[in-house]
Amino acid sequence: MQTTLVLLKPDCVQRNLMGEVIGRFERKGLTILGMKMLQLDDALINEHYGFLSDKPFFPSIVKYMKSSPIVAMAVKGANAVPTIRTMSGATNPVDALPGTIRGDFALSIDGNIMHASDSEETAKEELARFFKTEEIFEYERLDNVVL
Ligand code: CMP
């Protein structure tokens, strides 16, 4: 089992697409272990996207990611890291296939609906960035329990 970090970005929140994206994860069989809405500040954005700080588009990422609250989620499941990346679709919505979240709902690379960790190692780092240990709930889902 893997647990990964998903961020529902400002355009997802502003366009009322949170339920749509969360519903896709639920219907896929993934389990949400943690979820919270938060307003990002410069420090957290610099930490999360620091590897892009020398890119010309970095200022627009900072502006966009601060433009609205976002939702952070810890999502668990078999192969959750690559599965959610596949469900998300390509970073640039132009390349995201129909049926993926970005393919169905996004038009621009800035407003691309969601972020998802790209490896198990990154997921561990990113989960620790957004969640305290006590904010992640390990629990058995009723539909996974043999009664
Ligand atoms: P994300 O998966 O959150 O990781 C880095 C983000 O940078 C990416 O999604 C995009 O939203 C954003 N971004 C903006 N412009 C670009 C670009 N030209 N190339 C890659 N990522 C970009």
# chains A, B, ... in the order shown; residues from 1 in each chain; ligands from 1

$ residues_around --residues "segment 96-100 of chain A" --least-positions-apart "2" --cutoff "12 Å" --atoms "only C-alpha atoms" --output "ChimeraX atom specification"
/A:20-21,24-25,83-94,102-109,112-114

$ residues_near_ligand --ligand "ligand 1" --cutoff "8 Å" --atoms "only C-alpha atoms and all ligand atoms" --output "JSON, numbers by chain"
{"A": [7, 49, 52, 57, 58, 60, 61, 91, 92, 109, 110, 111, 112, 114, 115, 116, 117]}

$ closest_residue --among "A:Ala80, A:Leu142, A:Leu40, A:Leu33" --to "Lys9 of chain A" --atoms "only C-alpha atoms"
A:Leu40

$ residues_around --residues "Val62 of chain A" --least-positions-apart "2" --cutoff "12 Å" --atoms "only C-alpha atoms" --output "JSON, numbers by chain"
{"A": [9, 10, 40, 41, 42, 43, 44, 45, 46, 47, 48, 49, 50, 52, 53, 55, 56, 57, 58, 59, 60, 64, 65, 66, 67, 68, 110]}

$ write_last_selection --atoms "C-alpha atoms" --output "PDB file, in the first residue's frame"
ATOM      1  CA  LYS A   9      -5.417  23.696  -6.474  1.00  0.00           C
ATOM      2  CA  PRO A  10      -7.164  27.095  -6.480  1.00  0.00           C
ATOM      3  CA  LEU A  40      -0.778  28.739   1.279  1.00  0.00           C
ATOM      4  CA  ASP A  41       1.818  31.374   2.144  1.00  0.00           C
ATOM      5  CA  ASP A  42       5.136  32.200   0.464  1.00  0.00           C
ATOM      6  CA  ALA A  43       7.117  29.976   2.825  1.00  0.00           C
ATOM      7  CA  LEU A  44       5.098  26.825   2.099  1.00  0.00           C
ATOM      8  CA  ILE A  45       4.965  27.513  -1.651  1.00  0.00           C
ATOM      9  CA  ASN A  46       8.729  28.076  -1.747  1.00  0.00           C
ATOM     10  CA  GLU A  47       9.265  24.819   0.109  1.00  0.00           C
ATOM     11  CA  HIS A  48       6.864  22.855  -2.096  1.00  0.00           C
ATOM     12  CA  TYR A  49       7.841  24.315  -5.479  1.00  0.00           C
ATOM     13  CA  GLY A  50      11.394  25.410  -4.597  1.00  0.00           C
ATOM     14  CA  LEU A  52      11.165  25.318  -9.839  1.00  0.00           C
ATOM     15  CA  SER A  53      12.377  28.617  -8.349  1.00  0.00           C
ATOM     16  CA  LYS A  55      12.035  28.818 -13.874  1.00  0.00           C
ATOM     17  CA  PRO A  56      10.540  31.883 -15.592  1.00  0.00           C
ATOM     18  CA  PHE A  57       7.020  30.725 -14.651  1.00  0.00           C
ATOM     19  CA  PHE A  58       7.797  30.442 -10.903  1.00  0.00           C
ATOM     20  CA  PRO A  59       6.316  33.880  -9.996  1.00  0.00           C
ATOM     21  CA  SER A  60       3.055  32.929 -11.697  1.00  0.00           C
ATOM     22  CA  TYR A  64      -1.756  31.408  -8.536  1.00  0.00           C
ATOM     23  CA  MET A  65      -1.212  29.095  -5.568  1.00  0.00           C
ATOM     24  CA  LYS A  66      -1.945  32.008  -3.182  1.00  0.00           C
ATOM     25  CA  SER A  67      -5.054  33.137  -5.069  1.00  0.00           C
ATOM     26  CA  SER A  68      -7.476  30.973  -3.093  1.00  0.00           C
ATOM     27  CA  ASP A 110      -1.110  26.961 -14.412  1.00  0.00           C
TER      28      ASP A 110
END

$ residues_around --residues "Gln2 of chain A" --least-positions-apart "3" --cutoff "8 Å" --atoms "only C-alpha atoms" --output "list in words"
Lys76, Gly77, Ala78, Asn79, Ala80, Val81 and Glu120 of chain A

$ write_last_selection --atoms "all heavy atoms" --output "PDB file, in the first residue's frame"
ATOM      1  N   LYS A  76      -4.650   6.929   0.169  1.00  0.00           N
ATOM      2  CA  LYS A  76      -3.975   5.626   0.280  1.00  0.00           C
ATOM      3  C   LYS A  76      -4.614   4.599  -0.642  1.00  0.00           C
ATOM      4  O   LYS A  76      -5.834   4.621  -0.864  1.00  0.00           O
ATOM      5  CB  LYS A  76      -4.088   5.133   1.726  1.00  0.00           C
ATOM      6  CG  LYS A  76      -3.417   3.804   2.002  1.00  0.00           C
ATOM      7  CD  LYS A  76      -3.575   3.444   3.474  1.00  0.00           C
ATOM      8  CE  LYS A  76      -2.986   2.086   3.784  1.00  0.00           C
ATOM      9  NZ  LYS A  76      -3.093   1.742   5.214  1.00  0.00           N
ATOM     10  N   GLY A  77      -3.792   3.689  -1.130  1.00  0.00           N
ATOM     11  CA  GLY A  77      -4.308   2.577  -1.920  1.00  0.00           C
ATOM     12  C   GLY A  77      -3.159   1.797  -2.518  1.00  0.00           C
ATOM     13  O   GLY A  77      -2.003   2.217  -2.441  1.00  0.00           O
ATOM     14  N   ALA A  78      -3.481   0.663  -3.122  1.00  0.00           N
ATOM     15  CA  ALA A  78      -2.447  -0.112  -3.812  1.00  0.00           C
ATOM     16  C   ALA A  78      -1.909   0.739  -4.962  1.00  0.00           C
ATOM     17  O   ALA A  78      -2.687   1.262  -5.766  1.00  0.00           O
ATOM     18  CB  ALA A  78      -3.049  -1.413  -4.345  1.00  0.00           C
ATOM     19  N   ASN A  79      -0.593   0.924  -5.001  1.00  0.00           N
ATOM     20  CA  ASN A  79       0.038   1.724  -6.064  1.00  0.00           C
ATOM     21  C   ASN A  79      -0.582   3.123  -6.194  1.00  0.00           C
ATOM     22  O   ASN A  79      -0.755   3.645  -7.301  1.00  0.00           O
ATOM     23  CB  ASN A  79      -0.061   0.992  -7.416  1.00  0.00           C
ATOM     24  CG  ASN A  79       0.596  -0.358  -7.361  1.00  0.00           C
ATOM     25  OD1 ASN A  79       1.760  -0.475  -6.992  1.00  0.00           O
ATOM     26  ND2 ASN A  79      -0.155  -1.404  -7.678  1.00  0.00           N
ATOM     27  N   ALA A  80      -0.926   3.715  -5.046  1.00  0.00           N
ATOM     28  CA  ALA A  80      -1.618   5.009  -5.073  1.00  0.00           C
ATOM     29  C   ALA A  80      -0.805   6.088  -5.800  1.00  0.00           C
ATOM     30  O   ALA A  80      -1.391   6.934  -6.485  1.00  0.00           O
ATOM     31  CB  ALA A  80      -1.939   5.473  -3.649  1.00  0.00           C
ATOM     32  N   VAL A  81       0.521   6.060  -5.684  1.00  0.00           N
ATOM     33  CA  VAL A  81       1.328   7.129  -6.305  1.00  0.00           C
ATOM     34  C   VAL A  81       1.161   7.114  -7.834  1.00  0.00           C
ATOM     35  O   VAL A  81       0.692   8.106  -8.421  1.00  0.00           O
ATOM     36  CB  VAL A  81       2.823   7.044  -5.891  1.00  0.00           C
ATOM     37  CG1 VAL A  81       3.662   8.027  -6.691  1.00  0.00           C
ATOM     38  CG2 VAL A  81       2.971   7.299  -4.391  1.00  0.00           C
ATOM     39  N   GLU A 120       7.222   7.545  -4.502  1.00  0.00           N
ATOM     40  CA  GLU A 120       6.959   7.196  -3.098  1.00  0.00           C
ATOM     41  C   GLU A 120       7.799   8.062  -2.162  1.00  0.00           C
ATOM     42  O   GLU A 120       7.333   8.486  -1.104  1.00  0.00           O
ATOM     43  CB  GLU A 120       7.276   5.718  -2.859  1.00  0.00           C
ATOM     44  CG  GLU A 120       6.115   4.793  -3.101  1.00  0.00           C
ATOM     45  CD  GLU A 120       6.379   3.418  -2.519  1.00  0.00           C
ATOM     46  OE1 GLU A 120       7.017   2.614  -3.222  1.00  0.00           O
ATOM     47  OE2 GLU A 120       5.960   3.165  -1.372  1.00  0.00           O
TER      48      GLU A 120
END

$ select_by_dssp --residues "segment 41-123 of chain A" --states "alpha helix (DSSP H)" --output "ChimeraX atom specification"
/A:42-49,58-65,80-88,101-105,120-123

$ closest_residue --among "A:Ile101, A:Leu30, A:Phe51, A:Met37" --to "Leu17 of chain A" --atoms "only C-alpha atoms"
A:Ile101

$ closest_residue --among "A:Ile22, A:Leu38, A:Ile136, A:Ala123" --to "Ala72 of chain A" --atoms "only C-alpha atoms"
A:Leu38

$ residues_around --residues "Met35 of chain A" --least-positions-apart "3" --cutoff "7 Å" --atoms "only C-alpha atoms" --output "PyMOL selection string"
chain A and resi 71-74

$ write_last_selection --atoms "N, CA, C and O atoms" --output "PDB file, in the first residue's frame"
ATOM      1  N   VAL A  71      -7.015  22.544  -1.070  1.00  0.00           N
ATOM      2  CA  VAL A  71      -7.300  21.392  -0.210  1.00  0.00           C
ATOM      3  C   VAL A  71      -6.142  20.407  -0.330  1.00  0.00           C
ATOM      4  O   VAL A  71      -5.710  20.082  -1.444  1.00  0.00           O
ATOM      5  N   ALA A  72      -5.611  19.994   0.817  1.00  0.00           N
ATOM      6  CA  ALA A  72      -4.553  18.973   0.847  1.00  0.00           C
ATOM      7  C   ALA A  72      -5.162  17.651   1.295  1.00  0.00           C
ATOM      8  O   ALA A  72      -5.998  17.619   2.205  1.00  0.00           O
ATOM      9  N   MET A  73      -4.759  16.579   0.637  1.00  0.00           N
ATOM     10  CA  MET A  73      -5.308  15.262   0.961  1.00  0.00           C
ATOM     11  C   MET A  73      -4.195  14.225   1.039  1.00  0.00           C
ATOM     12  O   MET A  73      -3.242  14.256   0.263  1.00  0.00           O
ATOM     13  N   ALA A  74      -4.337  13.299   1.991  1.00  0.00           N
ATOM     14  CA  ALA A  74      -3.486  12.109   2.040  1.00  0.00           C
ATOM     15  C   ALA A  74      -4.345  10.952   1.544  1.00  0.00           C
ATOM     16  O   ALA A  74      -5.401  10.679   2.116  1.00  0.00           O
TER      17      ALA A  74
END

$ atom_distance --atom1 "atom CA of Pro69 of chain A" --atom2 "atom CA of Gln39 of chain A"
4.4 Å

$ atom_distance --atom1 "atom CA of Pro82 of chain A" --atom2 "atom CA of Thr4 of chain A"
9.4 Å

$ select_by_dssp --residues "segment 71-137 of chain A" --states "strand (DSSP E)" --output "JSON, numbers by chain"
{"A": [71, 72, 73, 74, 75, 76, 77, 114, 115, 116]}
